[in-house]
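Novice: One structure coming up, written as structure tokens, with questions to follow.
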Amino acid sequence: MAPSILRSSFRAVQQAMASSPRVTLHLSQQHATRTWMRATQVGLYSTGKGSGSDDDDILDAMMAGMDSDFTVPTPSAPASSSSANTSPAQSASAPVSEGGADPEPTFVPTPVDIEKRLKALLPEFMSYGGQLAPKPKSALRNNPSSNSLTIAQLLAAGLHLGHSTSLWNVASMPFVFGVREGISIINLEHTLTYLRRACTVTKAVARQGGIILFIGTRDGMDHVTIDAAKSCNAYYVASKWCPGTITNAQEIVGPHTPRLPDARAGDLAKPFRPDLVIVLNPIENMIAIKEATRFNIPTIAITDTDVDPRIVSYPIPANDDSVRGVELVAKVLAEAAKEGEVLAADAAKRQSRQRIEGRVDRMKAWSARQ
């Protein structure tokens with residue numbers, strides 16, 4: 001409704017109430033008191049677009065407070081004999097409380113559970129022909145296998161970006177596709193080939209029941225190392241590598257290694273060395289790579305253009321600064337280790353079944369001779 005119509009209606013009601021002989025002076029004073037109180041309560045919401053008169057300002061304040069979140073509880077008016085003779089204008093007015101003023105406004109919050117509301121509206125939405133959007137298939141949510149991995153996924157993860165040409169290591173030249181704006185671009189065809197070869201090695205080690213160690217100590221990548229190792233029941237080092245963990249394991253790891261149940265008194269606990277070391281940031285873990293190489297432990301590492309790929313057994317030419325790219329490589333390797341564990345479990349079940357069947361055949365043959 002237009003403000004001009006409301007103002008005219010407001011003045012008409014005031015004039016009717018003032019000219020009516022049935023309206024007493026006491027009710028008029030109470031009505032004025034209520035009007036000014038409501039205008040004061042919603043004064044913060046005043047539009048300030050009145051014509052300048054007092055009635056217009058009061059009306060602007062009341063109109064601005066109509067759509068607010070305040071509710072004023074009004075008690076029921078006491079029944080009286082004169083209520084039947086009141087005019088419609090008097091019955092439309094708000095009742096008066098015992099204290100002569102309306103109660104204070106109270107804010108009534110109405111919290112809404114959005115998920116519950118959406119589930120309730122879902123059947124109606126589907127009845128009108130609506131369709132749910134398909135969930136995005138991201139390589140970072142589910143561990144992708146090396147066979148399903150594509151160059152597009154490697155490109156999306158930013159694994160093709162190398163370092164500046166000023167930091168370029170000459171030994172990484174076979175893996176460099178070109179240079180763009182002073183940045184070396186890694187050939188992702190080589191990345192995919194070498195990554196699949198590393199996955200084959202990881203699967204073979206896990207199939208033989210070997211110990212796999214993930215090393216990723218760069219800031220912001222510790223969760224990648226931990227998640228990848230836990231997903232394939234491997235070990236990890238997410239903090240600083242302690243020098244001598246492999247070469248001097250008896251002194252570094254020995255005191256923390258549990259003793260075997262059948263160990264003799266005075267025997268030292270035997271620490272176990274890993275069978276495969278996967279390094280996610282080789283620049284910061286050169287000592288770990290050298291220790292593993294000294295004991296002929298195969299190593300897999302992400303070698304950027306500033307790293308010599310000859311220092312590791314199975315290099316993966318890729319960008320080691322991209323968290324998303326490192327996460328993709330780590331999860332692909334973890335998935336290969338899980339596949340190896342499944343193959344090992346199947347082989348163990350097969351051998352157990354063969355032993356049982358062989359024992360049954362021998363018992364049958366022995367009973368036949370009897």
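We name chains A, B, ... following the order of the structure tokens; residues begin at 1 in each chain, and ligands are numbered from 1 as shown.
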With only C-alpha atoms as the counted atoms, please give the residues lying no more than 9 Å from Phe295 (chain A), apart from itself and same-chain residues fewer than 4 positions off, as a list in words.

Specialist: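 Counting only C-alpha atoms, the residues come to Ile246, Thr247, Lys290 and Glu291 of chain A.
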
Novice: Taking only region 277-364 of chain A into account, list the residues labelled helix (DSSP H, G or I) by DSSP (computed from the backbone), as a ChimeraX atom specification.

Specialist: /A:283-294,309-311,323-364

Novice: Using the selection just defined, write its residues with C-alpha atoms as a short mmCIF file (atom, residue, chain, number, x, y, z; two decimals), in the first residue's frame.

Specialist:
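File out_3.cif, as written:
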```cif
data_model
loop_
_atom_site.label_atom_id
_atom_site.label_comp_id
_atom_site.auth_asym_id
_atom_site.auth_seq_id
_atom_site.Cartn_x
_atom_site.Cartn_y
_atom_site.Cartn_z
CA ILE A 283 65.85 -31.34 -1.52
CA GLU A 284 65.21 -31.26 2.24
CA ASN A 285 65.84 -35.00 2.71
CA MET A 286 69.14 -35.61 0.95
CA ILE A 287 70.52 -37.28 4.09
CA ALA A 288 67.67 -39.81 4.13
CA ILE A 289 68.28 -40.62 0.45
CA LYS A 290 72.02 -41.11 1.03
CA GLU A 291 71.40 -43.38 4.03
CA ALA A 292 68.96 -45.51 2.05
CA THR A 293 71.39 -45.71 -0.88
CA ARG A 294 74.21 -46.83 1.41
CA PRO A 309 67.34 -37.49 -10.79
CA ARG A 310 70.33 -39.84 -10.60
CA ILE A 311 70.46 -39.72 -6.81
CA VAL A 323 50.59 -29.45 -2.77
CA ARG A 324 47.86 -30.76 -5.03
CA GLY A 325 50.37 -32.39 -7.36
CA VAL A 326 52.32 -34.02 -4.52
CA GLU A 327 49.05 -35.26 -3.04
CA LEU A 328 48.10 -36.82 -6.37
CA VAL A 329 51.44 -38.63 -6.72
CA ALA A 330 51.37 -39.81 -3.10
CA LYS A 331 47.86 -41.20 -3.43
CA VAL A 332 48.69 -43.00 -6.66
CA LEU A 333 51.64 -44.68 -4.96
CA ALA A 334 49.52 -45.50 -1.92
CA GLU A 335 46.90 -47.08 -4.16
CA ALA A 336 49.60 -49.23 -5.75
CA ALA A 337 50.71 -50.36 -2.29
CA LYS A 338 47.12 -51.26 -1.40
CA GLU A 339 46.82 -53.32 -4.57
CA GLY A 340 50.00 -55.16 -3.60
CA GLU A 341 48.59 -55.88 -0.14
CA VAL A 342 45.43 -57.30 -1.71
CA LEU A 343 47.49 -59.53 -3.97
CA ALA A 344 49.54 -60.68 -0.98
CA ALA A 345 46.38 -61.52 0.99
CA ASP A 346 44.97 -63.46 -1.97
CA ALA A 347 48.22 -65.38 -2.36
CA ALA A 348 48.24 -66.24 1.34
CA LYS A 349 44.66 -67.52 1.15
CA ARG A 350 45.51 -69.55 -1.94
CA GLN A 351 48.53 -71.13 -0.27
CA SER A 352 46.52 -71.91 2.85
CA ARG A 353 43.81 -73.53 0.75
CA GLN A 354 46.40 -75.59 -1.13
CA ARG A 355 47.98 -76.79 2.11
CA ILE A 356 44.61 -77.81 3.48
CA GLU A 357 43.67 -79.61 0.26
CA GLY A 358 47.04 -81.38 0.18
CA ARG A 359 46.61 -82.51 3.76
CA VAL A 360 43.13 -83.82 3.00
CA ASP A 361 44.44 -85.72 -0.04
CA ARG A 362 47.18 -87.34 2.04
CA MET A 363 44.67 -88.38 4.69
CA LYS A 364 42.45 -89.91 2.02
#
```

Novice: Can you pull out every residue within 12 Å of His160 (chain A), counting only C-alpha atoms, but drop anything in the same chain fewer than 4 positions away, and send it as a PyMOL selection string?

Specialist: chain A and resi 151-156+175-180+183-192+303-305+316-322+325-326

Novice: May I have the selected residues written with N, CA, C and O atoms, as a compact mmCIF listing (two decimals), in the first residue's frame?

Specialist:
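Saved file part.txt follows:
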```txt
# COMPACT_ATOMS: atom_id res chain seq x y z
N ILE A 151 47.22 -37.75 -18.52
CA ILE A 151 48.05 -36.54 -18.56
C ILE A 151 47.23 -35.31 -18.19
O ILE A 151 47.76 -34.35 -17.61
N ALA A 152 45.94 -35.33 -18.50
CA ALA A 152 45.09 -34.19 -18.14
C ALA A 152 45.03 -34.01 -16.63
O ALA A 152 45.02 -32.86 -16.13
N GLN A 153 44.99 -35.10 -15.88
CA GLN A 153 44.98 -34.98 -14.42
C GLN A 153 46.30 -34.45 -13.90
O GLN A 153 46.33 -33.65 -12.95
N LEU A 154 47.39 -34.87 -14.51
CA LEU A 154 48.70 -34.35 -14.11
C LEU A 154 48.81 -32.86 -14.42
O LEU A 154 49.38 -32.08 -13.64
N LEU A 155 48.27 -32.46 -15.56
CA LEU A 155 48.31 -31.04 -15.94
C LEU A 155 47.45 -30.20 -15.01
O LEU A 155 47.83 -29.09 -14.62
N ALA A 156 46.29 -30.73 -14.64
CA ALA A 156 45.40 -29.99 -13.74
C ALA A 156 46.01 -29.83 -12.36
O ALA A 156 45.75 -28.85 -11.66
N PHE A 175 64.01 -34.58 -19.18
CA PHE A 175 62.62 -34.49 -18.77
C PHE A 175 62.00 -33.12 -19.03
O PHE A 175 60.82 -32.92 -18.74
N VAL A 176 62.77 -32.17 -19.54
CA VAL A 176 62.27 -30.80 -19.77
C VAL A 176 61.71 -30.71 -21.18
O VAL A 176 62.39 -31.06 -22.16
N PHE A 177 60.47 -30.24 -21.27
CA PHE A 177 59.82 -30.08 -22.57
C PHE A 177 60.23 -28.78 -23.25
O PHE A 177 60.40 -28.73 -24.47
N GLY A 178 60.38 -27.72 -22.46
CA GLY A 178 60.76 -26.42 -23.01
C GLY A 178 60.79 -25.39 -21.89
O GLY A 178 60.69 -25.71 -20.71
N VAL A 179 60.93 -24.14 -22.31
CA VAL A 179 61.00 -23.03 -21.36
C VAL A 179 59.96 -21.99 -21.78
O VAL A 179 59.84 -21.66 -22.98
N ARG A 180 59.22 -21.49 -20.80
CA ARG A 180 58.23 -20.45 -21.06
C ARG A 180 58.33 -19.38 -19.97
O ARG A 180 58.15 -19.69 -18.79
N ILE A 183 60.56 -20.17 -17.06
CA ILE A 183 60.20 -21.31 -16.23
C ILE A 183 60.31 -22.57 -17.07
O ILE A 183 59.79 -22.64 -18.19
N SER A 184 60.97 -23.57 -16.52
CA SER A 184 61.11 -24.85 -17.23
C SER A 184 59.79 -25.60 -17.17
O SER A 184 59.14 -25.67 -16.12
N ILE A 185 59.41 -26.18 -18.31
CA ILE A 185 58.17 -26.96 -18.41
C ILE A 185 58.55 -28.43 -18.51
O ILE A 185 59.33 -28.82 -19.39
N ILE A 186 57.98 -29.23 -17.61
CA ILE A 186 58.29 -30.66 -17.56
C ILE A 186 57.40 -31.40 -18.54
O ILE A 186 56.20 -31.11 -18.66
N ASN A 187 57.97 -32.36 -19.23
CA ASN A 187 57.22 -33.19 -20.16
C ASN A 187 56.41 -34.21 -19.37
O ASN A 187 56.96 -35.11 -18.72
N LEU A 188 55.10 -34.08 -19.39
CA LEU A 188 54.23 -34.94 -18.58
C LEU A 188 54.15 -36.36 -19.12
O LEU A 188 53.71 -37.26 -18.40
N GLU A 189 54.54 -36.58 -20.38
CA GLU A 189 54.59 -37.95 -20.88
C GLU A 189 55.65 -38.76 -20.13
O GLU A 189 55.42 -39.92 -19.78
N HIS A 190 56.79 -38.13 -19.87
CA HIS A 190 57.81 -38.80 -19.06
C HIS A 190 57.32 -38.96 -17.62
O HIS A 190 57.62 -39.98 -16.98
N THR A 191 56.61 -37.96 -17.11
CA THR A 191 56.10 -38.04 -15.73
C THR A 191 55.17 -39.23 -15.57
O THR A 191 55.27 -40.00 -14.60
N LEU A 192 54.25 -39.41 -16.51
CA LEU A 192 53.31 -40.52 -16.43
C LEU A 192 54.02 -41.87 -16.56
O LEU A 192 53.71 -42.82 -15.83
N THR A 303 61.31 -35.64 -8.43
CA THR A 303 62.47 -34.84 -8.80
C THR A 303 62.04 -33.67 -9.68
O THR A 303 61.57 -33.86 -10.80
N ASP A 304 62.22 -32.49 -9.17
CA ASP A 304 61.92 -31.27 -9.93
C ASP A 304 63.13 -30.94 -10.81
O ASP A 304 64.13 -31.66 -10.82
N THR A 305 63.03 -29.85 -11.55
CA THR A 305 64.11 -29.48 -12.47
C THR A 305 65.36 -29.00 -11.75
O THR A 305 66.40 -28.84 -12.40
N ILE A 316 60.67 -39.52 -10.31
CA ILE A 316 59.39 -39.12 -10.93
C ILE A 316 59.52 -37.65 -11.28
O ILE A 316 59.41 -36.78 -10.39
N PRO A 317 59.80 -37.29 -12.51
CA PRO A 317 59.97 -35.87 -12.86
C PRO A 317 58.63 -35.13 -12.77
O PRO A 317 57.70 -35.37 -13.54
N ALA A 318 58.55 -34.24 -11.80
CA ALA A 318 57.30 -33.50 -11.58
C ALA A 318 57.60 -32.32 -10.66
O ALA A 318 58.70 -32.19 -10.10
N ASN A 319 56.61 -31.47 -10.51
CA ASN A 319 56.71 -30.30 -9.65
C ASN A 319 56.49 -30.72 -8.20
O ASN A 319 55.41 -31.21 -7.84
N ASP A 320 57.51 -30.54 -7.36
CA ASP A 320 57.40 -30.92 -5.96
C ASP A 320 56.95 -29.78 -5.06
O ASP A 320 56.90 -29.95 -3.84
N ASP A 321 56.62 -28.62 -5.64
CA ASP A 321 56.14 -27.48 -4.85
C ASP A 321 54.62 -27.37 -4.83
O ASP A 321 54.07 -26.62 -4.03
N SER A 322 53.94 -28.08 -5.70
CA SER A 322 52.48 -28.04 -5.75
C SER A 322 51.92 -29.05 -4.75
O SER A 322 52.18 -30.26 -4.86
N GLY A 325 49.65 -31.43 -6.55
CA GLY A 325 50.37 -32.39 -7.36
C GLY A 325 51.06 -33.46 -6.52
O GLY A 325 51.02 -34.65 -6.85
N VAL A 326 51.68 -33.05 -5.41
CA VAL A 326 52.32 -34.02 -4.52
C VAL A 326 51.28 -34.95 -3.91
O VAL A 326 51.52 -36.16 -3.76
```

Novice: Set out as CSV a contact list for region 243-356 of chain A and region 163-170 of chain A with a cut-off of 7 Å, giving each residue of region 243-356 of chain A that qualifies its closest atom pair and distance in Å to one decimal, counting only C-alpha atoms, ordered by chain and rising residue number.

Specialist:
```
residue,atom,partner,partner_atom,distance
A:Thr305,CA,A:Trp168,CA,5.5
A:Asp306,CA,A:Asn169,CA,4.8
A:Val307,CA,A:Asn169,CA,6.1
A:Asp308,CA,A:Asn169,CA,6.4
```

Novice: Tell me, counting only C-alpha atoms, for each residue of region 268-321 of chain A within 9 Å of region 199-217 of chain A, which pair of atoms is nearest and how far apart they are in Å to one decimal, in rows ordered by chain and increasing number, as CSV.

Specialist:
```
residue,atom,partner,partner_atom,distance
A:Phe272,CA,A:Ile211,CA,8.6
A:Arg273,CA,A:Ile211,CA,7.7
A:Pro274,CA,A:Ile211,CA,4.9
A:Asp275,CA,A:Ile211,CA,5.0
A:Leu276,CA,A:Ile212,CA,4.9
A:Val277,CA,A:Leu213,CA,4.9
A:Ile278,CA,A:Phe214,CA,4.8
A:Val279,CA,A:Ile215,CA,4.8
A:Leu280,CA,A:Gly216,CA,5.1
A:Asn281,CA,A:Gly216,CA,5.9
A:Pro282,CA,A:Gly216,CA,8.6
A:Glu284,CA,A:Thr217,CA,7.5
A:Asn285,CA,A:Thr217,CA,8.0
A:Ala288,CA,A:Ile215,CA,8.7
A:Ile300,CA,A:Thr202,CA,9.0
A:Tyr314,CA,A:Val201,CA,8.8
```

Novice: Quick check, in Å to one decimal: how far apart do CA of Asn147 (chain A) and CA of Leu159 (chain A) lie?

Specialist: 17.7 Å

Novice: Can you work out the spacing between CA of Thr150 (chain A) and CA of Tyr194 (chain A) in Å, to one decimal?

Specialist: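 CA of Tyr194 (chain A) lies 13.0 Å from CA of Thr150 (chain A).
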